[in-house]
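File shown here: entry_5.txt, holding compact mmCIF, C-alpha atoms and all ligand atoms.
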# COMPACT_ATOMS: atom_id res chain seq x y z
CA MET A 23 0.00 0.00 0.00
CA LEU A 24 1.41 3.34 -1.04
CA PRO A 25 1.02 6.14 1.48
CA ASN A 26 -1.51 8.80 0.36
CA SER A 27 1.07 11.48 1.12
CA LEU A 28 3.27 9.99 -1.59
CA LYS A 29 0.47 9.82 -4.16
CA SER A 30 -0.02 13.59 -3.89
CA ALA A 31 3.69 14.43 -4.30
CA GLN A 32 4.55 16.95 -7.04
CA GLY A 33 8.28 16.55 -6.42
CA LEU A 34 10.55 14.22 -4.48
CA LEU A 35 13.63 14.42 -2.32
CA LEU A 36 15.32 11.08 -1.82
CA ASP A 37 17.98 10.00 0.64
CA LEU A 38 20.71 7.77 -0.80
CA ASN A 39 22.45 5.63 1.84
CA GLY A 40 20.13 2.99 3.26
CA VAL A 41 17.58 3.77 0.55
CA PHE A 42 19.31 3.00 -2.76
CA TYR A 43 22.39 1.22 -1.38
CA VAL A 44 24.13 -0.08 1.71
CA GLY A 45 27.92 -0.32 1.71
CA ASN A 46 28.82 -1.04 -1.90
CA ARG A 47 25.61 -2.85 -2.75
CA PRO A 48 22.48 -1.49 -4.38
CA LEU A 49 19.28 -2.37 -2.50
CA PRO A 50 16.57 -4.42 -4.23
CA GLY A 51 14.57 -2.36 -6.71
CA ALA A 52 17.00 0.59 -6.61
CA GLN A 53 17.90 0.58 -10.30
CA ALA A 54 14.27 0.25 -11.39
CA ALA A 55 13.26 3.10 -9.07
CA ILE A 56 15.94 5.36 -10.56
CA ALA A 57 14.83 4.54 -14.10
CA ALA A 58 11.22 5.24 -13.12
CA LEU A 59 12.25 8.59 -11.60
CA GLN A 60 14.08 9.55 -14.80
CA ASN A 61 11.05 8.70 -16.94
CA SER A 62 8.44 10.19 -14.64
CA GLY A 63 8.94 13.87 -15.45
CA LEU A 64 8.55 14.51 -11.72
CA PRO A 65 11.19 16.91 -10.36
CA TYR A 66 13.50 15.18 -7.87
CA ARG A 67 16.85 15.48 -6.13
CA TYR A 68 18.91 13.05 -4.10
CA VAL A 69 19.83 14.51 -0.73
CA THR A 70 22.63 13.00 1.31
CA ASN A 71 24.64 13.51 4.46
CA ASN A 72 27.34 11.19 3.13
CA THR A 73 30.57 13.15 3.51
CA THR A 74 33.16 10.43 3.02
CA GLN A 75 33.67 11.51 -0.60
CA SER A 76 33.47 14.62 -2.73
CA THR A 77 30.26 15.03 -4.70
CA ALA A 78 32.11 14.13 -7.93
CA SER A 79 33.54 10.91 -6.46
CA MET A 80 30.15 10.04 -5.00
CA GLY A 81 28.70 10.17 -8.51
CA GLN A 82 31.42 7.75 -9.71
CA SER A 83 30.82 5.32 -6.82
CA LEU A 84 27.09 5.31 -7.48
CA GLN A 85 27.67 4.66 -11.20
CA ALA A 86 30.05 1.81 -10.25
CA MET A 87 27.23 0.21 -8.26
CA GLY A 88 25.01 0.46 -11.32
CA LEU A 89 23.02 3.39 -9.93
CA ALA A 90 22.47 5.97 -12.68
CA ILE A 91 22.74 9.07 -10.51
CA ALA A 92 24.59 12.15 -11.73
CA PRO A 93 26.46 14.48 -9.33
CA THR A 94 24.22 17.33 -10.57
CA GLU A 95 21.20 15.46 -9.17
CA ILE A 96 22.71 15.23 -5.67
CA VAL A 97 22.50 17.85 -2.95
CA THR A 98 25.12 17.00 -0.32
CA ALA A 99 25.86 18.35 3.13
CA ALA A 100 29.05 19.77 1.59
CA THR A 101 26.96 21.64 -1.02
CA ALA A 102 25.10 23.33 1.83
CA ALA A 103 28.28 24.02 3.82
CA VAL A 104 29.89 25.70 0.80
CA MET A 105 26.79 27.90 0.37
CA TYR A 106 27.00 28.83 4.05
CA LEU A 107 30.72 29.61 3.87
CA LYS A 108 30.20 31.78 0.78
CA GLN A 109 27.88 34.00 2.83
CA MET A 110 30.81 34.72 5.14
CA ASP A 111 33.64 37.16 4.41
CA LYS A 112 36.28 34.87 2.86
CA PRO A 113 36.67 32.60 5.87
CA LYS A 114 39.83 30.57 6.41
CA ILE A 115 38.71 27.02 6.99
CA TYR A 116 40.13 23.89 8.58
CA PRO A 117 38.55 21.04 6.63
CA LEU A 118 38.42 18.15 9.11
CA VAL A 119 36.96 15.92 6.42
CA ALA A 120 38.07 12.88 4.42
CA GLU A 121 40.92 13.54 1.98
CA ASP A 122 38.72 13.10 -1.09
CA ALA A 123 35.94 15.26 0.37
CA LYS A 124 38.34 18.22 0.66
CA GLN A 125 37.89 18.85 -3.10
CA ASP A 126 34.46 20.31 -2.43
CA PHE A 127 36.12 23.06 -0.34
CA ALA A 128 38.91 23.88 -2.80
CA GLU A 129 37.73 27.47 -3.31
CA PHE A 130 38.50 28.44 0.30
CA THR A 131 41.83 29.11 2.02
CA TRP A 132 42.77 26.31 4.41
CA SER A 133 44.62 26.56 7.70
CA ASP A 134 45.02 24.23 10.65
CA THR A 135 46.54 26.93 12.86
CA ASP A 136 44.36 30.04 12.50
CA ALA A 137 41.12 28.92 10.85
CA ASP A 138 37.92 30.95 11.25
CA VAL A 139 35.79 27.88 10.68
CA ILE A 140 36.25 24.16 11.25
CA VAL A 141 34.29 21.97 8.89
CA VAL A 142 33.76 18.50 10.34
CA GLY A 143 32.78 15.51 8.23
CA ASP A 144 33.26 11.77 8.20
CA ILE A 145 36.86 10.66 8.56
CA GLY A 146 36.17 7.05 9.45
CA ASN A 147 38.97 5.40 11.42
CA ASP A 148 41.14 8.52 11.37
CA TRP A 149 39.59 10.07 14.46
CA ASN A 150 42.12 10.50 17.24
CA TYR A 151 42.94 12.69 20.23
CA ARG A 152 45.39 14.85 18.26
CA LEU A 153 42.73 15.87 15.71
CA MET A 154 40.04 16.44 18.32
CA ASN A 155 42.46 18.53 20.36
CA ARG A 156 43.46 20.58 17.31
CA ALA A 157 39.80 21.35 16.59
CA PHE A 158 39.22 22.11 20.27
CA ARG A 159 42.13 24.57 20.39
CA LEU A 160 40.99 26.36 17.22
CA MET A 161 37.51 26.71 18.70
CA MET A 162 38.92 28.08 21.96
CA LYS A 163 40.68 30.74 19.82
CA GLY A 164 37.30 31.68 18.33
CA ALA A 165 36.79 29.37 15.36
CA GLN A 166 33.21 28.44 14.52
CA LEU A 167 32.26 24.76 14.17
CA ILE A 168 30.31 23.67 11.10
CA ALA A 169 29.20 20.05 11.26
CA LEU A 170 28.40 18.63 7.84
CA HIS A 171 25.87 16.67 9.86
CA ARG A 172 25.52 15.29 13.36
CA GLY A 173 24.29 11.78 12.61
CA LYS A 174 24.20 9.36 15.54
CA TYR A 175 24.77 6.17 13.56
CA TRP A 176 24.56 4.80 10.04
CA GLN A 177 24.04 1.48 8.34
CA TRP A 178 27.01 -0.33 6.85
CA GLU A 179 27.24 -3.87 5.50
CA ALA A 180 28.64 -5.01 8.86
CA GLY A 181 25.83 -3.36 10.84
CA LEU A 182 25.24 -0.05 12.59
CA GLN A 183 28.28 2.25 12.83
CA LEU A 184 28.98 5.18 15.16
CA ASP A 185 28.59 8.43 13.21
CA ILE A 186 30.26 11.84 13.63
CA GLY A 187 27.56 13.30 15.88
CA ALA A 188 29.41 11.98 18.92
CA PHE A 189 32.59 13.84 17.93
CA VAL A 190 30.66 17.04 17.21
CA ALA A 191 28.89 16.75 20.58
CA GLY A 192 32.27 16.21 22.27
CA LEU A 193 33.69 19.43 20.81
CA GLU A 194 30.53 21.34 21.74
CA TYR A 195 30.73 20.04 25.29
CA ALA A 196 34.38 20.96 25.73
CA THR A 197 34.06 24.46 24.24
CA ASP A 198 30.54 25.44 25.37
CA GLN A 199 29.76 26.22 21.72
CA THR A 200 27.03 24.95 19.45
CA ALA A 201 27.87 23.66 15.99
CA ILE A 202 26.11 24.90 12.88
CA VAL A 203 24.69 21.91 11.01
CA ALA A 204 24.98 22.15 7.23
CA GLY A 205 23.32 18.89 6.18
CA LYS A 206 20.03 17.21 6.99
CA PRO A 207 17.96 17.92 9.12
CA SER A 208 18.89 21.62 9.05
CA PRO A 209 16.25 23.95 7.54
CA PHE A 210 19.08 25.63 5.62
CA PHE A 211 19.86 22.34 3.86
CA TYR A 212 16.26 21.63 2.92
CA GLN A 213 15.86 25.21 1.67
CA ILE A 214 18.75 24.68 -0.74
CA ALA A 215 17.25 21.38 -1.93
CA LEU A 216 13.86 23.05 -2.50
CA GLU A 217 15.51 25.90 -4.41
CA GLN A 218 17.19 23.34 -6.67
CA LEU A 219 13.81 21.72 -7.28
CA GLY A 220 12.24 25.14 -7.81
CA MET A 221 9.28 24.05 -5.70
CA SER A 222 7.59 25.02 -2.49
CA ALA A 223 7.73 22.70 0.50
CA GLU A 224 4.05 21.67 0.58
CA ASP A 225 4.30 20.01 -2.84
CA VAL A 226 7.38 17.95 -2.00
CA VAL A 227 7.75 14.59 -0.27
CA MET A 228 11.01 13.42 1.28
CA ILE A 229 11.84 9.71 1.50
CA GLY A 230 14.60 8.37 3.75
CA ASP A 231 15.60 5.77 6.34
CA ASP A 232 16.54 8.27 9.08
CA LEU A 233 13.62 9.48 11.19
CA GLU A 234 15.44 12.57 12.48
CA ALA A 235 17.47 13.76 9.49
CA ASP A 236 15.06 12.73 6.75
CA VAL A 237 11.52 12.55 8.12
CA LYS A 238 11.55 15.12 10.93
CA GLY A 239 13.89 17.45 9.05
CA ALA A 240 11.62 17.47 6.01
CA GLN A 241 8.48 17.90 8.12
CA ASP A 242 10.05 20.85 9.97
CA ALA A 243 10.77 22.42 6.56
CA GLY A 244 7.09 22.06 5.58
CA MET A 245 7.31 18.88 3.52
CA LYS A 246 5.87 15.43 4.04
CA GLY A 247 8.33 12.83 5.28
CA ILE A 248 8.09 9.14 4.47
CA VAL A 249 10.24 6.61 6.27
CA LEU A 250 11.78 3.70 4.45
CA THR A 251 12.19 0.69 6.71
CA THR A 252 15.43 -0.41 5.06
CA GLY A 253 18.95 0.78 5.92
CA LYS A 254 19.43 2.02 9.47
CA TYR A 255 15.75 1.82 10.36
CA ARG A 256 15.03 -0.33 13.43
CA SER A 257 11.44 -0.54 14.67
CA HIS A 258 12.45 -0.82 18.35
CA LEU A 259 14.51 2.39 18.05
CA ALA A 260 11.83 4.16 16.00
CA ALA A 261 9.26 3.41 18.71
CA LYS A 262 11.30 5.46 21.20
CA MET A 263 11.51 8.51 18.93
CA ASN A 264 9.02 11.33 18.89
CA VAL A 265 8.58 11.41 15.12
CA THR A 266 5.44 10.48 13.20
CA PRO A 267 6.19 9.83 9.53
CA ASP A 268 3.57 10.71 6.88
CA GLY A 269 3.88 7.18 5.60
CA GLU A 270 6.06 4.13 5.46
CA LEU A 271 7.62 2.20 2.59
CA ALA A 272 9.19 -1.25 2.84
CA ALA A 273 11.63 -0.67 -0.03
CA ILE A 274 12.48 2.04 -2.56
CA GLY A 275 11.32 -0.30 -5.33
CA ALA A 276 7.77 0.50 -4.21
CA ILE A 277 7.91 3.90 -5.92
CA SER A 278 8.52 2.35 -9.36
CA ASP A 279 4.94 1.17 -9.93
CA TRP A 280 3.56 4.46 -8.71
CA LEU A 281 5.79 6.48 -11.02
CA THR A 282 5.10 4.44 -14.13
MG MG A 301 20.04 7.17 4.89
Could you express the structure from this file as structure tokens?
Amino acid sequence: MLPNSLKSAQGLLLDLNGVFYVGNRPLPGAQAAIAALQNSGLPYRYVTNNTTQSTASMGQSLQAMGLAIAPTEIVTAATAAVMYLKQMDKPKIYPLVAEDAKQDFAEFTWSDTDADVIVVGDIGNDWNYRLMNRAFRLMMKGAQLIALHRGKYWQWEAGLQLDIGAFVAGLEYATDQTAIVAGKPSPFFYQIALEQLGMSAEDVVMIGDDLEADVKGAQDAGMKGIVLTTGKYRSHLAAKMNVTPDGELAAIGAISDWLT
């Protein structure tokens, strides 16, 4: 059964990780759903908090998995962070992000000693005391903290993985500062995605496997939010959260029939 909220959608925002793929594997029905989206004429964008790669590399990885998604169709947390940084007066940034992801911030001056802004993203196993302490010291000198996102955990092939939210929270705790969140669920992020769609919030439905970042974030921005029960979704964890999705889908493949 398709949720009624989905049937009335004039445009779609779609999460990627846990929706179209997990790890390096496409999820069942992902390719067909992408083809249906392309043929539907319905405006859509993929919206992701994945910050392990630059947007260009992400496009290549998706293609390698057989997912026909172009970088121009993806709005990333880095896209939003760059827009935010551009509003500032030529900030010097410390990109505490994965090596490949640094490409997205190439237009800014970088410094790890007197940065105005620290941009934190996923660095996987590279987290250590030295890096945390460097970020802490920059913040104590006045640097602002931009978190590409503050996810709690994410779904990998091997199971749930600790996400960067814990590191962001640690820096906030130690410095008595609050990070600015660039990616989902920030209203700023969803505003950028809506601008790319050229649509107003009430006509758009967001689909994702994260109740906070995807469903609640979209609802707070005025959209409908549908939860996909693949990826990181766990019913026992969802039951404890104060989020009521506008519908539920068992797999992304379910949108194919509706679109065609
Ligand atoms: Mg996801």
Just want the 9 Å neighbourhood of Pro267 in chain A, counted on only C-alpha atoms, with same-chain residues fewer than 4 positions away dropped. Output as number ranges by chain.
A: 233, 237-238, 241, 246-249
Can you work out which residues are within 6 Å of ligand MG 301 (chain A), considering all atoms listed in the file, and then hand them over as a PyMOL selection string?
chain A and resi 37-40+230-232
Using only C-alpha atoms, which protein or nucleic acid residues come within 9 Å of range 106-113 of chain A? Drop anything in the same chain fewer than 4 positions from it, and give the result as a list in words.
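Once the adjacent positions are removed, what remains is Thr101, Ala102, Phe130, Thr131, Trp132, Ala137, Asp138, Val139, Ala204 and Phe210 of chain A.
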I'd like to know which of A:Gln82, A:Gln218, A:Thr266, A:Gln166 is closest to Asp236 in chain A, using only C-alpha atoms.
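Closest residue, counting only C-alpha atoms: A:Thr266.
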So, counting all atoms listed in the file, which residue among A:Asp144, A:Ala223, A:Gly51, A:Arg67 is closest to Ala272 in chain A?
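With all atoms listed in the file as the atom set, the closest residue is A:Gly51.
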May I have the residues within 8 Å of range 168-177 of chain A as a ChimeraX atom specification, using only C-alpha atoms and disregarding those fewer than 3 positions away in the same chain?
/A:39-40,44-45,71,73,99-100,103,139-143,180-188,190,201-206,235,253-254
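Shortest atom-to-atom contact with Leu216 in chain A among A:Ala191, A:Ala55, A:Val97, A:Ile274: A:Val97, counting only C-alpha atoms.
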Which one is closest to Tyr66 in chain A: A:Asp136, A:Glu121, A:Glu217, A:Glu129? Count all atoms listed in the file.
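Closest residue, counting all atoms listed in the file: A:Glu217.
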Report, in Å with one decimal, the straight-line distance from CA of Asn72 in chain A to CA of Ala273 in chain A.
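Rounded to one decimal, the two atoms are 19.9 Å apart.
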Residue among A:Asp225, A:Asn155, A:Ala52, A:Tyr212 lying closest to Gly192 in chain A, counting only C-alpha atoms:
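The closest residue to Gly192 in chain A is A:Asn155.
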Which residue is closest to Leu219 in chain A? Choose from A:Arg256, A:Pro65, A:Asn26, A:Gln53 and count only C-alpha atoms.
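Result for the nearest residue to Leu219 in chain A: A:Pro65.
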Write out as a ChimeraX atom specification each polymer residue whose atoms come within 10 Å of Met80 in chain A, counting all atoms listed in the file; drop sequence neighbours fewer than 2 positions from it.
/A:72-78,82-86,91-93,96,98,122-123
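Taking CA of Ala165 in chain A and CA of Ser133 in chain A as endpoints, the distance between them is 11.3 Å.
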Distance of CA of Ile115 in chain A from CA of Glu194 in chain A, expressed in Å to one decimal place
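Here the two named atoms are 17.8 Å from each other.
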